[in-house]
>>> print(open('start09.tsv').read())   # TSV, C-alpha atoms (C1' of nucleotides)
chain	number	residue	atom	x	y	z
A	15	MET	CA	0.00	0.00	0.00
A	16	SER	CA	1.55	3.25	-1.06
A	17	THR	CA	-1.31	5.73	-1.30
A	18	PRO	CA	-2.76	8.01	1.36
A	19	LEU	CA	-5.49	6.57	3.49
A	20	THR	CA	-7.98	9.39	3.00
A	21	SER	CA	-10.18	10.11	0.03
A	22	VAL	CA	-10.05	13.47	-1.63
A	23	SER	CA	-13.61	14.30	-0.64
A	24	SER	CA	-12.87	13.98	3.04
A	25	ASP	CA	-9.65	15.88	2.82
A	26	ALA	CA	-11.30	19.28	2.75
A	27	ARG	CA	-13.00	18.90	6.09
A	28	LEU	CA	-10.01	17.29	7.69
A	29	THR	CA	-8.00	20.21	6.44
A	30	THR	CA	-10.46	22.70	7.85
A	31	MET	CA	-10.00	21.19	11.28
A	32	GLY	CA	-6.28	21.14	10.78
A	33	LEU	CA	-6.40	24.81	9.89
A	34	LEU	CA	-8.18	25.62	13.11
A	35	PHE	CA	-5.50	23.95	15.19
A	36	GLU	CA	-2.65	25.29	13.12
A	37	SER	CA	-3.88	28.87	13.17
A	38	ALA	CA	-4.42	28.71	16.92
A	39	ALA	CA	-0.95	27.26	17.46
A	40	GLY	CA	0.62	29.78	15.11
A	41	LEU	CA	-1.01	32.75	16.77
A	42	ARG	CA	-0.16	31.43	20.19
A	43	ARG	CA	3.49	31.42	19.21
A	44	LEU	CA	3.21	34.85	17.73
A	45	PHE	CA	1.78	36.25	20.96
A	46	HIS	CA	4.28	34.38	23.03
A	47	ARG	CA	7.13	35.71	21.00
A	48	GLN	CA	6.02	39.31	21.36
A	49	ALA	CA	5.36	38.93	25.07
A	50	GLU	CA	8.85	37.58	25.42
A	51	MET	CA	10.38	40.45	23.52
A	52	SER	CA	8.64	42.97	25.76
A	53	GLY	CA	10.85	41.83	28.58
A	54	ALA	CA	9.09	42.59	31.82
A	55	THR	CA	5.71	41.55	30.51
A	56	ALA	CA	6.92	38.12	29.51
A	57	ASN	CA	4.68	35.70	31.28
A	58	GLN	CA	3.17	32.41	30.38
A	59	SER	CA	-0.44	32.04	31.44
A	60	PHE	CA	-0.97	35.52	30.12
A	61	ASP	CA	-4.37	34.16	29.23
A	62	ILE	CA	-5.30	33.89	32.89
A	63	LEU	CA	-4.09	37.35	33.72
A	64	ILE	CA	-6.05	38.87	30.86
A	65	ARG	CA	-9.24	37.22	31.96
A	66	LEU	CA	-8.76	38.54	35.45
A	67	ALA	CA	-7.98	41.99	34.12
A	68	ARG	CA	-11.18	41.97	32.12
A	69	SER	CA	-13.35	41.05	35.09
A	70	GLU	CA	-15.15	43.18	37.68
A	71	GLU	CA	-12.86	43.78	40.63
A	72	ASN	CA	-10.17	41.97	38.66
A	73	GLU	CA	-11.18	38.70	40.20
A	74	LEU	CA	-12.85	35.45	39.20
A	75	ARG	CA	-13.81	32.24	40.89
A	76	MET	CA	-11.27	29.49	40.35
A	77	SER	CA	-13.74	27.25	38.57
A	78	GLU	CA	-14.93	30.05	36.31
A	79	LEU	CA	-11.37	30.94	35.47
A	80	ALA	CA	-10.51	27.34	34.75
A	81	ALA	CA	-13.40	27.10	32.32
A	82	GLN	CA	-12.49	30.34	30.58
A	83	ALA	CA	-8.85	29.39	30.24
A	84	SER	CA	-9.64	25.87	28.99
A	85	LEU	CA	-7.76	24.38	31.93
A	86	THR	CA	-8.69	21.62	34.32
A	87	PRO	CA	-9.18	22.65	37.94
A	88	SER	CA	-5.86	21.12	38.83
A	89	GLY	CA	-4.10	22.90	36.01
A	90	LEU	CA	-5.55	26.18	37.18
A	91	THR	CA	-4.54	25.63	40.78
A	92	ARG	CA	-0.94	25.21	39.70
A	93	ALA	CA	-1.07	28.17	37.35
A	94	VAL	CA	-2.45	30.42	40.07
A	95	ASP	CA	0.19	29.09	42.44
A	96	ARG	CA	2.86	30.25	40.06
A	97	LEU	CA	1.26	33.64	39.53
A	98	GLN	CA	0.93	34.02	43.27
A	99	GLN	CA	4.61	33.27	43.70
A	100	GLN	CA	5.32	36.00	41.19
A	101	GLY	CA	3.18	38.33	43.25
A	102	LEU	CA	0.74	39.02	40.44
A	103	VAL	CA	-2.30	37.29	41.89
A	104	THR	CA	-3.82	36.57	45.30
A	105	ARG	CA	-6.40	34.12	46.49
A	106	ARG	CA	-9.38	35.55	48.31
A	107	SER	CA	-11.69	33.05	49.92
A	108	CYS	CA	-15.32	33.42	48.97
A	109	PRO	CA	-17.46	34.76	51.80
A	110	ASP	CA	-20.68	33.15	50.57
A	111	ASP	CA	-19.28	29.68	49.97
A	112	ARG	CA	-16.37	28.68	52.09
A	113	ARG	CA	-15.34	25.97	49.65
A	114	GLY	CA	-14.72	28.52	46.95
A	115	SER	CA	-12.03	31.07	46.32
A	116	PHE	CA	-11.38	33.95	44.00
A	117	ALA	CA	-8.19	34.57	42.13
A	118	GLN	CA	-7.57	38.29	42.09
A	119	LEU	CA	-4.95	40.51	40.50
A	120	THR	CA	-2.68	42.21	43.02
A	121	PRO	CA	-1.78	45.87	42.48
A	122	ALA	CA	1.44	44.62	40.97
A	123	GLY	CA	-0.54	42.37	38.66
A	124	GLN	CA	-2.79	45.25	37.68
A	125	ALA	CA	0.21	47.42	37.00
A	126	MET	CA	1.82	44.78	34.85
A	127	MET	CA	-1.33	44.23	32.89
A	128	SER	CA	-1.92	47.95	32.41
A	129	GLU	CA	1.33	47.95	30.59
A	130	ALA	CA	1.04	44.64	28.80
A	131	ILE	CA	-2.52	44.81	27.56
A	132	PRO	CA	-2.11	47.78	25.22
A	133	GLU	CA	0.78	46.03	23.52
A	134	HIS	CA	-1.23	42.88	23.19
A	135	LEU	CA	-4.23	44.75	21.81
A	136	SER	CA	-2.15	46.56	19.27
A	137	GLN	CA	-0.65	43.29	18.11
A	138	ILE	CA	-4.13	41.89	17.69
A	139	ASP	CA	-5.21	45.00	15.84
A	140	GLN	CA	-2.32	44.59	13.49
A	141	ILE	CA	-3.07	40.98	12.78
A	142	LEU	CA	-6.76	41.44	12.20
A	143	ASP	CA	-6.27	44.56	10.12
A	144	ASP	CA	-3.72	42.78	7.99
A	145	VAL	CA	-5.79	39.69	7.42
A	146	PHE	CA	-9.47	40.64	7.44
A	147	THR	CA	-11.96	43.26	6.48
A	148	PRO	CA	-14.23	44.29	9.35
A	149	GLU	CA	-17.07	42.24	7.89
A	150	GLU	CA	-14.92	39.15	7.56
A	151	GLU	CA	-13.68	39.62	11.08
A	152	ALA	CA	-17.23	39.75	12.38
A	153	GLN	CA	-18.15	36.66	10.38
A	154	LEU	CA	-15.17	34.75	11.67
A	155	ALA	CA	-16.12	35.67	15.22
A	156	THR	CA	-19.66	34.37	14.83
A	157	TYR	CA	-18.42	31.14	13.24
A	158	LEU	CA	-15.91	30.58	16.00
A	159	ARG	CA	-18.45	31.39	18.66
A	160	ARG	CA	-20.79	28.77	17.28
A	161	LEU	CA	-18.01	26.25	17.17
A	162	ARG	CA	-16.94	27.02	20.71
A	163	ASP	CA	-20.46	26.82	22.07
A	164	TYR	CA	-21.04	23.55	20.26
A	165	ALA	CA	-17.88	22.03	21.67
A	166	LEU	CA	-18.69	23.37	25.12
A	167	GLU	CA	-22.14	21.85	24.97
A	168	GLN	CA	-20.93	18.49	23.67
A	169	ASN	CA	-18.19	18.29	26.24
A	170	ARG	CA	-20.56	19.24	29.00
A	171	ALA	CA	-23.04	16.60	27.88
A	172	ALA	CA	-20.31	13.97	27.71
A	173	GLY	CA	-18.97	14.99	31.09
A	174	ILE	CA	-22.22	14.03	32.77
A	175	THR	CA	-21.43	10.36	32.74
A	176	CYS	CA	-24.82	9.10	33.88
A	177	ASP	CA	-27.06	11.81	32.55
A	178	ASP	CA	-30.36	10.01	32.50
A	179	GLY	CA	-30.17	7.01	34.72
A	180	VAL	CA	-28.09	4.89	32.39
A	181	ALA	CA	-26.64	2.11	34.52
A	182	SER	CA	-23.57	1.68	32.38
A	183	CYS	CA	-21.27	3.49	34.75
A	184	PRO	CA	-18.59	1.05	35.84
A	185	GLY	CA	-18.63	0.27	39.51
A	186	ASP	CA	-21.81	2.00	40.54
A	187	VAL	CA	-23.91	-1.20	40.90
B	10	MET	CA	-9.29	50.33	41.25
B	11	SER	CA	-12.24	48.07	40.75
B	12	THR	CA	-13.07	48.16	37.07
B	13	PRO	CA	-11.79	45.96	34.26
B	14	LEU	CA	-8.63	47.06	32.54
B	15	THR	CA	-9.93	46.84	28.99
B	16	SER	CA	-12.18	49.19	27.14
B	17	VAL	CA	-15.35	47.96	25.51
B	18	SER	CA	-14.12	48.75	22.03
B	19	SER	CA	-11.14	46.47	22.37
B	20	ASP	CA	-13.08	43.69	23.93
B	21	ALA	CA	-14.53	42.45	20.67
B	22	ARG	CA	-11.20	41.69	19.09
B	23	LEU	CA	-9.78	40.25	22.25
B	24	THR	CA	-12.82	38.04	22.38
B	25	THR	CA	-12.38	36.95	18.80
B	26	MET	CA	-8.91	35.73	19.61
B	27	GLY	CA	-10.20	34.08	22.73
B	28	LEU	CA	-12.82	32.31	20.66
B	29	LEU	CA	-10.19	30.92	18.36
B	30	PHE	CA	-8.27	29.40	21.25
B	31	GLU	CA	-11.36	28.21	23.06
B	32	SER	CA	-12.88	26.55	20.04
B	33	ALA	CA	-9.62	24.82	19.24
B	34	ALA	CA	-9.27	23.61	22.82
B	35	GLY	CA	-12.89	22.50	22.96
B	36	LEU	CA	-12.68	20.53	19.75
B	37	ARG	CA	-9.42	19.00	20.77
B	38	ARG	CA	-11.08	17.65	23.88
B	39	LEU	CA	-14.04	16.44	21.89
B	40	PHE	CA	-11.79	14.49	19.55
B	41	HIS	CA	-9.72	13.19	22.38
B	42	ARG	CA	-12.79	12.00	24.21
B	43	GLN	CA	-14.10	10.09	21.23
B	44	ALA	CA	-10.71	8.58	20.46
B	45	GLU	CA	-10.55	7.41	24.03
B	46	MET	CA	-13.98	5.84	23.86
B	47	SER	CA	-13.04	3.90	20.75
B	48	GLY	CA	-10.62	1.88	22.83
B	49	ALA	CA	-7.96	0.53	20.50
B	50	THR	CA	-7.70	3.74	18.56
B	51	ALA	CA	-7.01	5.80	21.65
B	52	ASN	CA	-3.75	7.53	20.99
B	53	GLN	CA	-2.36	10.91	21.71
B	54	SER	CA	-0.43	12.39	18.80
B	55	PHE	CA	-3.23	11.21	16.58
B	56	ASP	CA	-2.43	14.36	14.70
B	57	ILE	CA	0.92	12.99	13.65
B	58	LEU	CA	-0.51	9.67	12.56
B	59	ILE	CA	-3.17	11.35	10.46
B	60	ARG	CA	-0.66	13.47	8.66
B	61	LEU	CA	1.40	10.43	7.85
B	62	ALA	CA	-1.69	8.56	6.71
B	63	ARG	CA	-2.56	11.40	4.36
B	64	SER	CA	0.86	11.47	2.74
B	65	GLU	CA	2.30	9.64	-0.24
B	66	GLU	CA	3.87	6.39	0.89
B	67	ASN	CA	2.57	7.23	4.36
B	68	GLU	CA	5.79	8.94	5.17
B	69	LEU	CA	7.09	12.45	5.80
B	70	ARG	CA	10.37	14.06	6.63
B	71	MET	CA	10.75	14.72	10.31
B	72	SER	CA	11.07	18.45	9.84
B	73	GLU	CA	8.06	18.59	7.56
B	74	LEU	CA	6.03	16.61	10.02
B	75	ALA	CA	7.11	18.85	12.87
B	76	ALA	CA	5.96	21.90	10.97
B	77	GLN	CA	2.62	20.32	10.09
B	78	ALA	CA	1.97	19.19	13.64
B	79	SER	CA	2.97	22.54	15.16
B	80	LEU	CA	5.70	20.84	17.14
B	81	THR	CA	9.33	21.74	17.65
B	82	PRO	CA	11.86	19.32	16.16
B	83	SER	CA	12.62	18.06	19.62
B	84	GLY	CA	8.98	17.56	20.44
B	85	LEU	CA	8.52	15.59	17.26
B	86	THR	CA	11.54	13.39	17.88
B	87	ARG	CA	10.03	12.34	21.21
B	88	ALA	CA	6.58	11.86	19.74
B	89	VAL	CA	7.93	9.65	16.98
B	90	ASP	CA	9.97	7.75	19.57
B	91	ARG	CA	6.75	6.93	21.40
B	92	LEU	CA	4.92	5.93	18.25
B	93	GLN	CA	7.85	3.78	17.26
B	94	GLN	CA	7.74	2.03	20.62
B	95	GLN	CA	4.10	1.35	19.99
B	96	GLY	CA	5.05	-0.16	16.66
B	97	LEU	CA	2.97	2.29	14.65
B	98	VAL	CA	5.77	4.19	12.97
B	99	THR	CA	9.32	3.53	11.72
B	100	ARG	CA	12.18	5.77	10.87
B	101	ARG	CA	13.64	5.44	7.41
B	102	SER	CA	16.82	7.33	6.77
B	103	CYS	CA	16.73	9.58	3.75
B	104	PRO	CA	18.90	8.29	0.90
B	105	ASP	CA	19.55	11.71	-0.62
B	106	ASP	CA	20.52	13.47	2.58
B	107	ARG	CA	22.01	11.32	5.24
B	108	ARG	CA	21.20	13.82	7.95
B	109	GLY	CA	17.51	13.44	7.33
B	110	SER	CA	14.99	10.77	8.09
B	111	PHE	CA	11.43	9.92	7.25
B	112	ALA	CA	8.81	8.88	9.72
B	113	GLN	CA	6.66	6.23	8.10
B	114	LEU	CA	3.59	4.32	9.18
B	115	THR	CA	4.21	0.64	9.75
B	116	PRO	CA	1.65	-1.86	8.45
B	117	ALA	CA	0.29	-1.94	12.00
B	118	GLY	CA	0.05	1.82	11.97
B	119	GLN	CA	-1.71	1.76	8.62
B	120	ALA	CA	-4.14	-0.83	9.91
B	121	MET	CA	-4.91	1.20	12.99
B	122	MET	CA	-5.46	4.33	11.00
B	123	SER	CA	-7.67	2.55	8.47
B	124	GLU	CA	-9.94	1.86	11.37
B	125	ALA	CA	-9.59	5.13	13.21
B	126	ILE	CA	-9.83	7.60	10.36
B	127	PRO	CA	-13.40	6.82	9.30
B	128	GLU	CA	-14.58	7.36	12.86
B	129	HIS	CA	-12.71	10.60	13.04
B	130	LEU	CA	-14.09	11.76	9.72
B	131	SER	CA	-17.62	10.97	10.70
B	132	GLN	CA	-17.21	12.89	13.90
B	133	ILE	CA	-15.97	15.86	11.93
B	134	ASP	CA	-18.86	15.50	9.50
B	135	GLN	CA	-21.27	15.57	12.38
B	136	ILE	CA	-19.76	18.68	13.90
B	137	LEU	CA	-19.56	20.64	10.68
B	138	ASP	CA	-23.02	19.57	9.56
B	139	ASP	CA	-24.45	20.59	12.90
B	140	VAL	CA	-22.79	23.96	13.02
B	141	PHE	CA	-22.34	25.26	9.49
B	142	THR	CA	-23.90	25.44	6.07
B	143	PRO	CA	-21.55	24.36	3.31
B	144	GLU	CA	-20.96	27.98	2.34
B	145	GLU	CA	-20.16	28.99	5.87
B	146	GLU	CA	-17.83	26.05	6.20
B	147	ALA	CA	-15.97	27.09	3.08
B	148	GLN	CA	-15.75	30.67	4.32
B	149	LEU	CA	-14.43	29.59	7.66
B	150	ALA	CA	-11.79	27.49	5.96
B	151	THR	CA	-10.56	30.40	3.87
B	152	TYR	CA	-10.46	32.69	6.90
B	153	LEU	CA	-8.52	30.17	8.91
B	154	ARG	CA	-6.15	29.48	6.07
B	155	ARG	CA	-5.35	33.16	5.79
B	156	LEU	CA	-4.79	33.37	9.50
B	157	ARG	CA	-2.56	30.33	9.52
B	158	ASP	CA	-0.49	31.53	6.61
B	159	TYR	CA	-0.12	34.92	8.21
B	160	ALA	CA	1.05	33.43	11.48
B	161	LEU	CA	3.37	31.08	9.65
B	162	GLU	CA	4.88	33.92	7.71
B	163	GLN	CA	5.28	36.15	10.76
B	164	ASN	CA	6.82	33.40	12.81
B	165	ARG	CA	9.16	32.48	10.02
B	166	ALA	CA	10.23	36.09	9.64
B	167	ALA	CA	10.79	36.44	13.37
B	168	GLY	CA	12.70	33.17	13.48
B	169	ILE	CA	15.37	34.57	11.23
B	170	THR	CA	16.99	36.59	13.94
B	171	CYS	CA	19.36	38.60	11.79
B	172	ASP	CA	17.38	38.77	8.60
B	173	ASP	CA	19.02	41.76	6.96
B	174	GLY	CA	22.35	42.36	8.50
B	175	VAL	CA	21.08	43.91	11.70
B	176	ALA	CA	23.91	43.70	14.20
B	177	SER	CA	21.63	43.56	17.21
B	178	CYS	CA	22.09	39.88	17.84
B	179	PRO	CA	23.62	39.45	21.27
B	180	GLY	CA	27.03	37.89	21.22
B	181	ASP	CA	27.74	37.83	17.53
B	182	VAL	CA	30.23	40.72	17.55
C	2	DC	C1'	41.71	19.72	0.26
C	3	DG	C1'	40.18	22.06	4.54
C	4	DG	C1'	38.08	25.08	7.58
C	5	DA	C1'	33.65	28.01	8.46
C	6	DC	C1'	28.89	27.91	8.37
C	7	DT	C1'	24.30	25.86	7.75
C	8	DT	C1'	20.78	22.38	8.27
C	9	DG	C1'	18.35	18.05	10.16
C	10	DT	C1'	17.83	15.46	14.11
C	11	DT	C1'	18.61	14.03	18.77
C	12	DT	C1'	19.60	14.56	23.95
C	13	DG	C1'	19.60	16.95	28.86
C	14	DC	C1'	16.85	19.50	31.46
C	15	DT	C1'	12.81	21.77	33.21
C	16	DC	C1'	8.18	23.04	33.37
C	17	DA	C1'	3.17	22.92	32.65
C	18	DC	C1'	-0.90	20.17	32.20
C	19	DA	C1'	-4.07	16.17	32.87
C	20	DC	C1'	-5.94	12.39	35.66
C	21	DA	C1'	-7.08	10.46	39.87
C	22	DA	C1'	-7.40	10.53	44.75
C	23	DC	C1'	-8.23	13.47	48.65
C	24	DT	C1'	-10.12	17.24	51.88
C	25	DA	C1'	-13.49	20.42	53.12
C	26	DT	C1'	-17.74	22.57	52.70
C	27	DA	C1'	-22.54	22.57	51.16
C	28	DT	C1'	-27.07	20.53	50.06
C	29	DC	C1'	-30.62	17.32	50.35
C	30	DA	C1'	-33.64	13.55	52.22
C	31	DT	C1'	-35.53	11.52	55.84
D	27	DA	C1'	-30.28	16.57	63.45
D	28	DT	C1'	-27.81	12.98	60.52
D	29	DG	C1'	-26.11	10.51	57.12
D	30	DA	C1'	-25.68	10.33	51.64
D	31	DT	C1'	-24.34	12.85	47.81
D	32	DA	C1'	-22.61	16.74	45.28
D	33	DT	C1'	-19.41	20.59	44.57
D	34	DA	C1'	-14.93	23.61	45.03
D	35	DG	C1'	-10.45	23.27	45.24
D	36	DT	C1'	-5.78	21.11	46.27
D	37	DT	C1'	-2.14	17.41	46.08
D	38	DG	C1'	0.52	13.09	44.15
D	39	DT	C1'	2.10	11.36	40.02
D	40	DG	C1'	3.11	10.62	35.11
D	41	DT	C1'	3.67	12.41	30.55
D	42	DG	C1'	4.24	15.56	26.80
D	43	DA	C1'	6.50	19.72	24.95
D	44	DG	C1'	9.84	23.48	24.73
D	45	DC	C1'	14.63	25.48	25.00
D	46	DA	C1'	19.37	25.07	24.56
D	47	DA	C1'	23.26	22.41	23.50
D	48	DA	C1'	25.24	18.51	21.11
D	49	DC	C1'	25.97	15.98	17.07
D	50	DA	C1'	26.21	14.70	12.29
D	51	DA	C1'	26.10	15.58	7.52
D	52	DG	C1'	25.90	18.82	3.82
D	53	DT	C1'	27.49	23.27	1.55
D	54	DC	C1'	30.35	27.07	0.55
D	55	DC	C1'	34.23	29.31	-0.22
D	56	DG	C1'	39.54	30.07	-0.54
>>> encode(input="start09.tsv", output="structure tokens")
Amino acid sequence: MSTPLTSVSSDARLTTMGLLFESAAGLRRLFHRQAEMSGATANQSFDILIRLARSEENELRMSELAAQASLTPSGLTRAVDRLQQQGLVTRRSCPDDRRGSFAQLTPAGQAMMSEAIPEHLSQIDQILDDVFTPEEEAQLATYLRRLRDYALEQNRAAGITCDDGVASCPGDV
Amino acid sequence: MSTPLTSVSSDARLTTMGLLFESAAGLRRLFHRQAEMSGATANQSFDILIRLARSEENELRMSELAAQASLTPSGLTRAVDRLQQQGLVTRRSCPDDRRGSFAQLTPAGQAMMSEAIPEHLSQIDQILDDVFTPEEEAQLATYLRRLRDYALEQNRAAGITCDDGVASCPGDV
DNA sequence: CGGACTTGTTTGCTCACACAACTATATCAT
DNA sequence: ATGATATAGTTGTGTGAGCAAACAAGTCCG
């Protein structure tokens, strides 16, 4: 056997999915590179900081933040640990629910983000201006939003292992 | 200071970028979940296997494969190591350039992919059919392709540290 | 020919993330 | 109240990926 294992007709859709992952990976590198060049603002988990910066009181519940950043709870715990060590974030325990906590930007974190965000925004502006017309940009956003919501929904549905009384869960008798 | 650090006008574009990453992450999980459920076909670095399966002779140069899979050369070396241990891939040294090698699907790898790819394709069909009209799908693909090519180009340009004789490279006198 | 530089791949090291198990609080049924 | 279950978050452990340095083979002069 010496020929590819996919038919031409399926290739287009496979490629579309590939494009999604490749463009995301490519842009991630682009952002990472610029963040790195800006010296002081270089920080992995920039994603987390931005989401905090965009929130009321610059704080979010851990679980909410995990969902927004596409991290597992455990992954987020570690990420916030690191940011805390860097002095950019604090934990504030939730008064209404003593299980919960907020991650919150410290003044230092706010200061850093005040500097870093404009750079990031201008990089995004540049990219989008270079690649899309405003209409295309809006279209892309709606397409991606649909895709994200679909994936979110499907993952949520799959996460509920025994959603309607199915007894197929291993070990639950 | 108690208000978010971003203005409303910038939020849209920031969100668009967020959507790209979130949709990619969401779909990645969706695919991973299904792969996992299909038992035998469960395999991380499915991406790599698919790209091999889609290629002539089911083989690709390591560097080419790394680029396609958005991995660094080192990351790919390790990934291929693992796949080789699983018996799904072999290395074939390039006759024309003795530095280079090909990663190639073994018969076992081909067999596995013959089984796994149809499932994967049907999952993709389902997603795209659920979320987009054919025209929208085509549009999305062109948008993503532009974005990917842009990122590729920018990253490539940035990778060439001293592209036009700039003497700013540290330590090159 | 022979040394300087480039390119393709691999190795040493470190870090970040996921999964599973655990703790602590909350909620619900009886 | 009280025990069963669910939810929020943290910790132990393994794995995958990146960076930088090493290595090996090709290329480019002189």
>>> atom_distance(input="start09.tsv", atom1="CA of Asp139 in chain B", atom2="CA of Ile141 in chain A")
29.5 Å
>>> atom_distance(input="start09.tsv", atom1="CA of Thr86 in chain B", atom2="C1' of DT12 in chain C")
10.2 Å
>>> atom_distance(input="start09.tsv", atom1="C1' of DT24 in chain C", atom2="CA of Asn169 in chain A")
26.9 Å
>>> interface_residues(input="start09.tsv", of="chain D", to="chain B", cutoff="7 Å", atoms="all atoms listed in the file", output="PyMOL selection string")
chain D and resi 43+50-51
>>> write_last_selection(input="start09.tsv", atoms="C-alpha atoms (C1' of nucleotides)", output="short mmCIF file (atom, residue, chain, number, x, y, z; two decimals), keeping the file's coordinate frame")
data_model
loop_
_atom_site.label_atom_id
_atom_site.label_comp_id
_atom_site.auth_asym_id
_atom_site.auth_seq_id
_atom_site.Cartn_x
_atom_site.Cartn_y
_atom_site.Cartn_z
"C1'" DA D 43 6.50 19.72 24.95
"C1'" DA D 50 26.21 14.70 12.29
"C1'" DA D 51 26.10 15.58 7.52
#
>>> interface_residues(input="start09.tsv", of="chain C", to="chain B", cutoff="9 Å", atoms="only C-alpha atoms (C1' of nucleotides)", output="PyMOL selection string")
chain C and resi 8-12
>>> interface_residues(input="start09.tsv", of="chain A", to="chain B", cutoff="6 Å", atoms="only C-alpha atoms", output="CSV table (one decimal) with C-alpha atoms, keeping the file's coordinate frame")
chain,number,residue,atom,x,y,z
A,16,SER,CA,1.6,3.2,-1.1
A,17,THR,CA,-1.3,5.7,-1.3
A,18,PRO,CA,-2.8,8.0,1.4
A,19,LEU,CA,-5.5,6.6,3.5
A,20,THR,CA,-8.0,9.4,3.0
A,30,THR,CA,-10.5,22.7,7.8
A,33,LEU,CA,-6.4,24.8,9.9
A,35,PHE,CA,-5.5,24.0,15.2
A,37,SER,CA,-3.9,28.9,13.2
A,38,ALA,CA,-4.4,28.7,16.9
A,40,GLY,CA,0.6,29.8,15.1
A,41,LEU,CA,-1.0,32.8,16.8
A,67,ALA,CA,-8.0,42.0,34.1
A,68,ARG,CA,-11.2,42.0,32.1
A,69,SER,CA,-13.4,41.0,35.1
A,70,GLU,CA,-15.2,43.2,37.7
A,71,GLU,CA,-12.9,43.8,40.6
A,155,ALA,CA,-16.1,35.7,15.2
A,158,LEU,CA,-15.9,30.6,16.0
A,161,LEU,CA,-18.0,26.2,17.2
A,162,ARG,CA,-16.9,27.0,20.7
A,165,ALA,CA,-17.9,22.0,21.7
>>> closest_residue(input="start09.tsv", among="B:Asp105, B:Leu97, B:Glu73, B:Met46", to="DG52 in chain D", atoms="only C-alpha atoms (C1' of nucleotides)")
B:Asp105
>>> residues_near_point(input="start09.tsv", point="(34.7, 28.6, 2.0)", cutoff="12 Å", atoms="all atoms listed in the file", output="list in words")
DC2, DG3, DG4, DA5 and DC6 of chain C; DT53, DC54, DC55 and DG56 of chain D
>>> decode(input="start09.tsv", residues="range 49-62 of chain B", atoms="N, CA and C atoms", output="PDB file, in the first residue's frame")
ATOM      1  N   ALA B  49      -9.211   0.852  21.174  1.00  0.00           N
ATOM      2  CA  ALA B  49      -7.961   0.533  20.503  1.00  0.00           C
ATOM      3  C   ALA B  49      -7.355   1.743  19.796  1.00  0.00           C
ATOM      4  N   THR B  50      -8.210   2.610  19.321  1.00  0.00           N
ATOM      5  CA  THR B  50      -7.698   3.739  18.558  1.00  0.00           C
ATOM      6  C   THR B  50      -7.226   4.883  19.441  1.00  0.00           C
ATOM      7  N   ALA B  51      -7.414   4.715  20.760  1.00  0.00           N
ATOM      8  CA  ALA B  51      -7.012   5.804  21.647  1.00  0.00           C
ATOM      9  C   ALA B  51      -5.521   6.041  21.515  1.00  0.00           C
ATOM     10  N   ASN B  52      -5.165   7.225  21.138  1.00  0.00           N
ATOM     11  CA  ASN B  52      -3.748   7.527  20.985  1.00  0.00           C
ATOM     12  C   ASN B  52      -3.565   9.026  20.928  1.00  0.00           C
ATOM     13  N   GLN B  53      -2.743   9.511  21.842  1.00  0.00           N
ATOM     14  CA  GLN B  53      -2.360  10.907  21.712  1.00  0.00           C
ATOM     15  C   GLN B  53      -1.470  10.990  20.478  1.00  0.00           C
ATOM     16  N   SER B  54      -1.149  12.181  20.067  1.00  0.00           N
ATOM     17  CA  SER B  54      -0.430  12.385  18.803  1.00  0.00           C
ATOM     18  C   SER B  54      -1.096  11.667  17.638  1.00  0.00           C
ATOM     19  N   PHE B  55      -2.397  11.637  17.705  1.00  0.00           N
ATOM     20  CA  PHE B  55      -3.226  11.205  16.580  1.00  0.00           C
ATOM     21  C   PHE B  55      -2.952  12.096  15.386  1.00  0.00           C
ATOM     22  N   ASP B  56      -2.740  13.347  15.692  1.00  0.00           N
ATOM     23  CA  ASP B  56      -2.425  14.357  14.696  1.00  0.00           C
ATOM     24  C   ASP B  56      -1.294  13.898  13.788  1.00  0.00           C
ATOM     25  N   ILE B  57      -0.242  13.433  14.410  1.00  0.00           N
ATOM     26  CA  ILE B  57       0.917  12.990  13.652  1.00  0.00           C
ATOM     27  C   ILE B  57       0.570  11.818  12.753  1.00  0.00           C
ATOM     28  N   LEU B  58      -0.142  10.858  13.329  1.00  0.00           N
ATOM     29  CA  LEU B  58      -0.508   9.675  12.559  1.00  0.00           C
ATOM     30  C   LEU B  58      -1.368  10.047  11.353  1.00  0.00           C
ATOM     31  N   ILE B  59      -2.307  10.955  11.569  1.00  0.00           N
ATOM     32  CA  ILE B  59      -3.175  11.353  10.464  1.00  0.00           C
ATOM     33  C   ILE B  59      -2.370  11.975   9.341  1.00  0.00           C
ATOM     34  N   ARG B  60      -1.432  12.801   9.706  1.00  0.00           N
ATOM     35  CA  ARG B  60      -0.658  13.475   8.664  1.00  0.00           C
ATOM     36  C   ARG B  60       0.185  12.479   7.893  1.00  0.00           C
ATOM     37  N   LEU B  61       0.675  11.481   8.573  1.00  0.00           N
ATOM     38  CA  LEU B  61       1.396  10.427   7.854  1.00  0.00           C
ATOM     39  C   LEU B  61       0.434   9.667   6.944  1.00  0.00           C
ATOM     40  N   ALA B  62      -0.732   9.350   7.483  1.00  0.00           N
ATOM     41  CA  ALA B  62      -1.693   8.563   6.707  1.00  0.00           C
ATOM     42  C   ALA B  62      -2.118   9.296   5.440  1.00  0.00           C
TER      43      ALA B  62
END
